[in-house]
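Chemist: My structure file target.cif, mmCIF, N, CA and C atoms, pLDDT in the B column; chains and numbers go by the auth columns, is below:
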```
data_start
loop_
_atom_site.group_PDB
_atom_site.id
_atom_site.type_symbol
_atom_site.label_atom_id
_atom_site.label_comp_id
_atom_site.label_asym_id
_atom_site.label_seq_id
_atom_site.Cartn_x
_atom_site.Cartn_y
_atom_site.Cartn_z
_atom_site.B_iso_or_equiv
_atom_site.auth_seq_id
_atom_site.auth_asym_id
ATOM 1 N N MET A 1 23.132 -34.029 -6.412 50.00 263 A
ATOM 2 C CA MET A 1 21.948 -33.304 -6.039 50.00 263 A
ATOM 3 C C MET A 1 21.778 -32.127 -7.000 50.00 263 A
ATOM 4 N N HIS A 2 20.567 -31.967 -7.520 52.00 264 A
ATOM 5 C CA HIS A 2 20.263 -30.841 -8.400 52.00 264 A
ATOM 6 C C HIS A 2 19.612 -29.722 -7.605 52.00 264 A
ATOM 7 N N ARG A 3 20.110 -28.557 -7.824 57.00 265 A
ATOM 8 C CA ARG A 3 19.461 -27.397 -7.217 57.00 265 A
ATOM 9 C C ARG A 3 18.523 -26.802 -8.249 57.00 265 A
ATOM 10 N N SER A 4 17.364 -26.425 -7.833 57.00 266 A
ATOM 11 C CA SER A 4 16.398 -25.794 -8.726 57.00 266 A
ATOM 12 C C SER A 4 16.863 -24.378 -9.041 57.00 266 A
ATOM 13 N N LEU A 5 16.978 -24.086 -10.298 60.00 267 A
ATOM 14 C CA LEU A 5 17.330 -22.733 -10.711 60.00 267 A
ATOM 15 C C LEU A 5 16.041 -22.000 -11.045 60.00 267 A
ATOM 16 N N ARG A 6 15.682 -21.107 -10.201 60.00 268 A
ATOM 17 C CA ARG A 6 14.445 -20.367 -10.381 60.00 268 A
ATOM 18 C C ARG A 6 14.768 -18.889 -10.458 60.00 268 A
ATOM 19 N N ALA A 7 14.295 -18.272 -11.518 55.00 269 A
ATOM 20 C CA ALA A 7 14.510 -16.835 -11.666 55.00 269 A
ATOM 21 C C ALA A 7 13.632 -16.097 -10.655 55.00 269 A
ATOM 22 N N PRO A 8 14.118 -14.985 -10.138 60.00 270 A
ATOM 23 C CA PRO A 8 13.281 -14.206 -9.212 60.00 270 A
ATOM 24 C C PRO A 8 12.064 -13.660 -9.950 60.00 270 A
ATOM 25 N N ASP A 9 11.009 -13.417 -9.207 66.00 271 A
ATOM 26 C CA ASP A 9 9.822 -12.830 -9.807 66.00 271 A
ATOM 27 C C ASP A 9 10.179 -11.494 -10.445 66.00 271 A
ATOM 28 N N ALA A 10 9.693 -11.297 -11.656 62.00 272 A
ATOM 29 C CA ALA A 10 9.970 -10.037 -12.364 62.00 272 A
ATOM 30 C C ALA A 10 9.160 -8.907 -11.726 62.00 272 A
ATOM 31 N N ARG A 11 9.746 -7.765 -11.642 71.00 273 A
ATOM 32 C CA ARG A 11 9.075 -6.572 -11.106 71.00 273 A
ATOM 33 C C ARG A 11 9.320 -5.425 -12.074 71.00 273 A
ATOM 34 N N TRP A 12 8.261 -4.745 -12.418 74.00 274 A
ATOM 35 C CA TRP A 12 8.345 -3.592 -13.308 74.00 274 A
ATOM 36 C C TRP A 12 7.670 -2.419 -12.623 74.00 274 A
ATOM 37 N N LEU A 13 8.154 -1.233 -12.862 81.00 275 A
ATOM 38 C CA LEU A 13 7.493 -0.027 -12.403 81.00 275 A
ATOM 39 C C LEU A 13 7.548 0.965 -13.546 81.00 275 A
ATOM 40 N N VAL A 14 6.380 1.247 -14.102 89.00 276 A
ATOM 41 C CA VAL A 14 6.263 2.159 -15.235 89.00 276 A
ATOM 42 C C VAL A 14 5.886 3.533 -14.702 89.00 276 A
ATOM 43 N N ASN A 15 6.516 4.574 -15.235 92.00 277 A
ATOM 44 C CA ASN A 15 6.243 5.948 -14.826 92.00 277 A
ATOM 45 C C ASN A 15 5.580 6.710 -15.963 92.00 277 A
ATOM 46 N N PHE A 16 4.478 7.402 -15.636 94.00 278 A
ATOM 47 C CA PHE A 16 3.793 8.238 -16.601 94.00 278 A
ATOM 48 C C PHE A 16 3.820 9.681 -16.107 94.00 278 A
ATOM 49 N N ALA A 17 4.246 10.598 -16.960 94.00 279 A
ATOM 50 C CA ALA A 17 4.241 12.025 -16.631 94.00 279 A
ATOM 51 C C ALA A 17 2.911 12.614 -17.098 94.00 279 A
ATOM 52 N N VAL A 18 2.185 13.238 -16.173 94.00 280 A
ATOM 53 C CA VAL A 18 0.869 13.797 -16.468 94.00 280 A
ATOM 54 C C VAL A 18 0.786 15.222 -15.925 94.00 280 A
ATOM 55 N N GLU A 19 -0.066 16.039 -16.540 92.00 281 A
ATOM 56 C CA GLU A 19 -0.227 17.423 -16.079 92.00 281 A
ATOM 57 C C GLU A 19 -1.065 17.503 -14.809 92.00 281 A
ATOM 58 N N ASP A 20 -2.048 16.621 -14.661 91.00 282 A
ATOM 59 C CA ASP A 20 -2.951 16.648 -13.509 91.00 282 A
ATOM 60 C C ASP A 20 -2.983 15.253 -12.877 91.00 282 A
ATOM 61 N N VAL A 21 -2.208 15.078 -11.812 90.00 283 A
ATOM 62 C CA VAL A 21 -2.080 13.763 -11.181 90.00 283 A
ATOM 63 C C VAL A 21 -3.425 13.272 -10.639 90.00 283 A
ATOM 64 N N GLU A 22 -4.170 14.128 -9.947 91.00 284 A
ATOM 65 C CA GLU A 22 -5.437 13.687 -9.366 91.00 284 A
ATOM 66 C C GLU A 22 -6.440 13.258 -10.437 91.00 284 A
ATOM 67 N N ARG A 23 -6.472 13.975 -11.555 94.00 285 A
ATOM 68 C CA ARG A 23 -7.366 13.593 -12.664 94.00 285 A
ATOM 69 C C ARG A 23 -6.935 12.250 -13.246 94.00 285 A
ATOM 70 N N ALA A 24 -5.635 12.049 -13.407 95.00 286 A
ATOM 71 C CA ALA A 24 -5.123 10.781 -13.938 95.00 286 A
ATOM 72 C C ALA A 24 -5.387 9.634 -12.969 95.00 286 A
ATOM 73 N N VAL A 25 -5.263 9.890 -11.654 93.00 287 A
ATOM 74 C CA VAL A 25 -5.564 8.868 -10.648 93.00 287 A
ATOM 75 C C VAL A 25 -7.037 8.480 -10.748 93.00 287 A
ATOM 76 N N SER A 26 -7.905 9.468 -10.867 94.00 288 A
ATOM 77 C CA SER A 26 -9.336 9.199 -10.979 94.00 288 A
ATOM 78 C C SER A 26 -9.642 8.354 -12.209 94.00 288 A
ATOM 79 N N ALA A 27 -9.019 8.688 -13.341 96.00 289 A
ATOM 80 C CA ALA A 27 -9.227 7.922 -14.575 96.00 289 A
ATOM 81 C C ALA A 27 -8.715 6.492 -14.423 96.00 289 A
ATOM 82 N N ALA A 28 -7.550 6.334 -13.795 95.00 290 A
ATOM 83 C CA ALA A 28 -6.979 4.997 -13.594 95.00 290 A
ATOM 84 C C ALA A 28 -7.869 4.160 -12.674 95.00 290 A
ATOM 85 N N MET A 29 -8.377 4.768 -11.615 94.00 291 A
ATOM 86 C CA MET A 29 -9.249 4.053 -10.679 94.00 291 A
ATOM 87 C C MET A 29 -10.556 3.657 -11.373 94.00 291 A
ATOM 88 N N SER A 30 -11.088 4.534 -12.215 96.00 292 A
ATOM 89 C CA SER A 30 -12.315 4.227 -12.958 96.00 292 A
ATOM 90 C C SER A 30 -12.116 3.078 -13.938 96.00 292 A
ATOM 91 N N ALA A 31 -10.875 2.911 -14.397 95.00 293 A
ATOM 92 C CA ALA A 31 -10.560 1.851 -15.362 95.00 293 A
ATOM 93 C C ALA A 31 -10.149 0.543 -14.683 95.00 293 A
ATOM 94 N N GLY A 32 -10.283 0.475 -13.351 95.00 294 A
ATOM 95 C CA GLY A 32 -9.972 -0.770 -12.655 95.00 294 A
ATOM 96 C C GLY A 32 -8.708 -0.746 -11.830 95.00 294 A
ATOM 97 N N GLY A 33 -8.015 0.368 -11.816 94.00 295 A
ATOM 98 C CA GLY A 33 -6.799 0.479 -11.011 94.00 295 A
ATOM 99 C C GLY A 33 -7.126 0.573 -9.533 94.00 295 A
ATOM 100 N N SER A 34 -6.109 0.410 -8.694 93.00 296 A
ATOM 101 C CA SER A 34 -6.300 0.500 -7.248 93.00 296 A
ATOM 102 C C SER A 34 -5.042 1.070 -6.615 93.00 296 A
ATOM 103 N N ARG A 35 -5.171 1.438 -5.349 88.00 297 A
ATOM 104 C CA ARG A 35 -4.014 1.908 -4.592 88.00 297 A
ATOM 105 C C ARG A 35 -3.442 0.722 -3.825 88.00 297 A
ATOM 106 N N PRO A 36 -2.168 0.403 -4.053 84.00 298 A
ATOM 107 C CA PRO A 36 -1.574 -0.717 -3.304 84.00 298 A
ATOM 108 C C PRO A 36 -1.441 -0.353 -1.832 84.00 298 A
ATOM 109 N N LYS A 37 -1.378 -1.344 -0.999 78.00 299 A
ATOM 110 C CA LYS A 37 -1.203 -1.120 0.436 78.00 299 A
ATOM 111 C C LYS A 37 0.253 -1.353 0.791 78.00 299 A
ATOM 112 N N PRO A 38 0.972 -0.467 1.412 69.00 300 A
ATOM 113 C CA PRO A 38 0.548 0.901 1.682 69.00 300 A
ATOM 114 C C PRO A 38 0.624 1.734 0.413 69.00 300 A
ATOM 115 N N SER A 39 -0.266 2.688 0.282 64.00 301 A
ATOM 116 C CA SER A 39 -0.299 3.564 -0.885 64.00 301 A
ATOM 117 C C SER A 39 0.847 4.555 -0.786 64.00 301 A
ATOM 118 N N SER A 40 1.468 4.809 -1.917 63.00 302 A
ATOM 119 C CA SER A 40 2.640 5.671 -1.924 63.00 302 A
ATOM 120 C C SER A 40 2.348 6.987 -2.642 63.00 302 A
ATOM 121 N N THR A 41 2.561 8.085 -1.938 67.00 303 A
ATOM 122 C CA THR A 41 2.503 9.415 -2.532 67.00 303 A
ATOM 123 C C THR A 41 3.831 10.079 -2.221 67.00 303 A
ATOM 124 N N THR A 42 4.491 10.598 -3.249 68.00 304 A
ATOM 125 C CA THR A 42 5.786 11.232 -3.070 68.00 304 A
ATOM 126 C C THR A 42 5.688 12.694 -3.473 68.00 304 A
ATOM 127 N N TRP A 43 6.117 13.571 -2.591 68.00 305 A
ATOM 128 C CA TRP A 43 6.087 15.005 -2.873 68.00 305 A
ATOM 129 C C TRP A 43 7.468 15.475 -3.290 68.00 305 A
ATOM 130 N N THR A 44 7.506 16.339 -4.325 67.00 306 A
ATOM 131 C CA THR A 44 8.760 16.959 -4.765 67.00 306 A
ATOM 132 C C THR A 44 8.521 18.454 -4.893 67.00 306 A
ATOM 133 N N ALA A 45 9.558 19.201 -5.187 66.00 307 A
ATOM 134 C CA ALA A 45 9.417 20.646 -5.371 66.00 307 A
ATOM 135 C C ALA A 45 8.507 20.977 -6.556 66.00 307 A
ATOM 136 N N LYS A 46 8.406 20.083 -7.521 69.00 308 A
ATOM 137 C CA LYS A 46 7.600 20.329 -8.717 69.00 308 A
ATOM 138 C C LYS A 46 6.198 19.741 -8.628 69.00 308 A
ATOM 139 N N GLY A 47 5.846 19.114 -7.531 75.00 309 A
ATOM 140 C CA GLY A 47 4.528 18.509 -7.409 75.00 309 A
ATOM 141 C C GLY A 47 4.629 17.174 -6.699 75.00 309 A
ATOM 142 N N PHE A 48 3.769 16.247 -7.084 82.00 310 A
ATOM 143 C CA PHE A 48 3.798 14.956 -6.408 82.00 310 A
ATOM 144 C C PHE A 48 3.537 13.839 -7.400 82.00 310 A
ATOM 145 N N SER A 49 3.776 12.629 -6.937 87.00 311 A
ATOM 146 C CA SER A 49 3.507 11.455 -7.751 87.00 311 A
ATOM 147 C C SER A 49 2.726 10.461 -6.895 87.00 311 A
ATOM 148 N N ARG A 50 2.005 9.590 -7.552 89.00 312 A
ATOM 149 C CA ARG A 50 1.242 8.581 -6.840 89.00 312 A
ATOM 150 C C ARG A 50 1.444 7.237 -7.520 89.00 312 A
ATOM 151 N N THR A 51 1.702 6.205 -6.731 90.00 313 A
ATOM 152 C CA THR A 51 1.874 4.857 -7.255 90.00 313 A
ATOM 153 C C THR A 51 0.546 4.115 -7.158 90.00 313 A
ATOM 154 N N LEU A 52 0.144 3.492 -8.273 91.00 314 A
ATOM 155 C CA LEU A 52 -1.098 2.736 -8.353 91.00 314 A
ATOM 156 C C LEU A 52 -0.807 1.330 -8.852 91.00 314 A
ATOM 157 N N GLN A 53 -1.840 0.513 -8.875 91.00 315 A
ATOM 158 C CA GLN A 53 -1.702 -0.877 -9.315 91.00 315 A
ATOM 159 C C GLN A 53 -2.787 -1.172 -10.342 91.00 315 A
ATOM 160 N N ASP A 54 -2.393 -1.815 -11.460 90.00 316 A
ATOM 161 C CA ASP A 54 -3.383 -2.178 -12.468 90.00 316 A
ATOM 162 C C ASP A 54 -4.121 -3.450 -12.028 90.00 316 A
ATOM 163 N N PRO A 55 -5.212 -3.815 -12.725 90.00 317 A
ATOM 164 C CA PRO A 55 -6.001 -4.986 -12.306 90.00 317 A
ATOM 165 C C PRO A 55 -5.215 -6.302 -12.280 90.00 317 A
ATOM 166 N N ASP A 56 -4.105 -6.386 -13.020 87.00 318 A
ATOM 167 C CA ASP A 56 -3.285 -7.599 -13.021 87.00 318 A
ATOM 168 C C ASP A 56 -2.177 -7.568 -11.978 87.00 318 A
ATOM 169 N N GLY A 57 -2.108 -6.487 -11.190 86.00 319 A
ATOM 170 C CA GLY A 57 -1.108 -6.404 -10.130 86.00 319 A
ATOM 171 C C GLY A 57 0.125 -5.593 -10.471 86.00 319 A
ATOM 172 N N GLY A 58 0.225 -5.113 -11.721 87.00 320 A
ATOM 173 C CA GLY A 58 1.384 -4.315 -12.120 87.00 320 A
ATOM 174 C C GLY A 58 1.351 -2.929 -11.488 87.00 320 A
ATOM 175 N N LEU A 59 2.502 -2.454 -11.052 88.00 321 A
ATOM 176 C CA LEU A 59 2.593 -1.131 -10.448 88.00 321 A
ATOM 177 C C LEU A 59 2.949 -0.087 -11.492 88.00 321 A
ATOM 178 N N PHE A 60 2.405 1.113 -11.320 91.00 322 A
ATOM 179 C CA PHE A 60 2.788 2.232 -12.171 91.00 322 A
ATOM 180 C C PHE A 60 2.679 3.516 -11.364 91.00 322 A
ATOM 181 N N THR A 61 3.454 4.513 -11.777 91.00 323 A
ATOM 182 C CA THR A 61 3.481 5.794 -11.072 91.00 323 A
ATOM 183 C C THR A 61 2.993 6.887 -12.002 91.00 323 A
ATOM 184 N N LEU A 62 2.144 7.754 -11.458 92.00 324 A
ATOM 185 C CA LEU A 62 1.702 8.958 -12.153 92.00 324 A
ATOM 186 C C LEU A 62 2.415 10.126 -11.491 92.00 324 A
ATOM 187 N N ALA A 63 3.208 10.852 -12.265 90.00 325 A
ATOM 188 C CA ALA A 63 3.998 11.948 -11.712 90.00 325 A
ATOM 189 C C ALA A 63 3.654 13.256 -12.404 90.00 325 A
ATOM 190 N N HIS A 64 3.679 14.332 -11.649 87.00 326 A
ATOM 191 C CA HIS A 64 3.375 15.659 -12.179 87.00 326 A
ATOM 192 C C HIS A 64 4.406 16.072 -13.226 87.00 326 A
ATOM 193 N N ARG A 65 3.897 16.626 -14.317 85.00 327 A
ATOM 194 C CA ARG A 65 4.753 17.164 -15.379 85.00 327 A
ATOM 195 C C ARG A 65 4.307 18.579 -15.651 85.00 327 A
ATOM 196 N N GLU A 66 5.241 19.464 -15.775 79.00 328 A
ATOM 197 C CA GLU A 66 4.930 20.842 -16.128 79.00 328 A
ATOM 198 C C GLU A 66 4.382 20.900 -17.544 79.00 328 A
ATOM 199 N N PRO A 67 3.304 21.675 -17.764 74.00 329 A
ATOM 200 C CA PRO A 67 2.731 21.769 -19.135 74.00 329 A
ATOM 201 C C PRO A 67 3.663 22.463 -20.105 74.00 329 A
#
```
Would you kindly transcribe this structure into structure tokens?

Modeler:
Amino acid sequence: MHRSLRAPDARWLVNFAVEDVERAVSAAMSAGGSRPKPSSTTWTAKGFSRTLQDPDGGLFTLAHREP
């Protein structure tokens, strides 16, 4: 008996450091991005980050960066 060897689905999460998260979210949404369900917002002492999804389903995070 042969067992099917199937690789698990690949998952990537790209992180972008930005000075203005809300402005970057707006730009990403205007370019076709969306908020995955459930939408993830993470707060830290230095600000917050937001996870979005590109039109092909790839996830990426926009995180606050100090100027």

Chemist: Calculate how many Å separate atom CA of Pro298 of chain A from atom N of Glu328 of chain A, rounding to one decimal.

Modeler: 24.7 Å

Chemist: Using all atoms listed in the file, determine which residues lie at most 8 Å from Trp274 of chain A, disregarding the query and same-chain residues fewer than 4 positions distant; provide the list as a list in words.

Modeler: Gly320, Leu321 and Phe322 of chain A

Chemist: Write the residues of the selection above to a file with N, CA and C atoms, as a compact mmCIF listing (two decimals), in the coordinates of the input.

Modeler:
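Output (out38.txt):
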```
# COMPACT_ATOMS: atom_id res chain seq x y z
N GLY A 320 0.22 -5.11 -11.72
CA GLY A 320 1.38 -4.32 -12.12
C GLY A 320 1.35 -2.93 -11.49
N LEU A 321 2.50 -2.45 -11.05
CA LEU A 321 2.59 -1.13 -10.45
C LEU A 321 2.95 -0.09 -11.49
N PHE A 322 2.40 1.11 -11.32
CA PHE A 322 2.79 2.23 -12.17
C PHE A 322 2.68 3.52 -11.36
```

Chemist: Name the residues in contact with segment 292-294 of chain A at a cut-off of 7 Å, using all atoms listed in the file, excluding same-chain residues fewer than 4 positions from it; report them as an mmCIF file with N, CA and C atoms, in the frame of the given file.

Modeler:
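Final output, saved to part24.cif:
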```cif
data_model
loop_
_atom_site.group_PDB
_atom_site.id
_atom_site.type_symbol
_atom_site.label_atom_id
_atom_site.label_comp_id
_atom_site.auth_asym_id
_atom_site.auth_seq_id
_atom_site.Cartn_x
_atom_site.Cartn_y
_atom_site.Cartn_z
ATOM 1 N N VAL A 287 -5.263 9.890 -11.654
ATOM 2 C CA VAL A 287 -5.564 8.868 -10.648
ATOM 3 C C VAL A 287 -7.037 8.480 -10.748
ATOM 4 N N SER A 288 -7.905 9.468 -10.867
ATOM 5 C CA SER A 288 -9.336 9.199 -10.979
ATOM 6 C C SER A 288 -9.642 8.354 -12.209
ATOM 7 N N GLN A 315 -1.840 0.513 -8.875
ATOM 8 C CA GLN A 315 -1.702 -0.877 -9.315
ATOM 9 C C GLN A 315 -2.787 -1.172 -10.342
ATOM 10 N N ASP A 316 -2.393 -1.815 -11.460
ATOM 11 C CA ASP A 316 -3.383 -2.178 -12.468
ATOM 12 C C ASP A 316 -4.121 -3.450 -12.028
ATOM 13 N N PRO A 317 -5.212 -3.815 -12.725
ATOM 14 C CA PRO A 317 -6.001 -4.986 -12.306
ATOM 15 C C PRO A 317 -5.215 -6.302 -12.280
#
```

Chemist: Just give me the gap between atom N of Glu281 of chain A and atom N of Thr323 of chain A in Å, one decimal is fine.

Modeler: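 Answer for the atom N of Glu281 of chain A to atom N of Thr323 of chain A separation: 13.0 Å.
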
Chemist: If you apply the PyMOL selection byres ((chain A and resi 280) around 8) to this file, what residues do you get, as a PyMOL selection string?

Modeler: chain A and resi 277-279+281-284+286+323-329
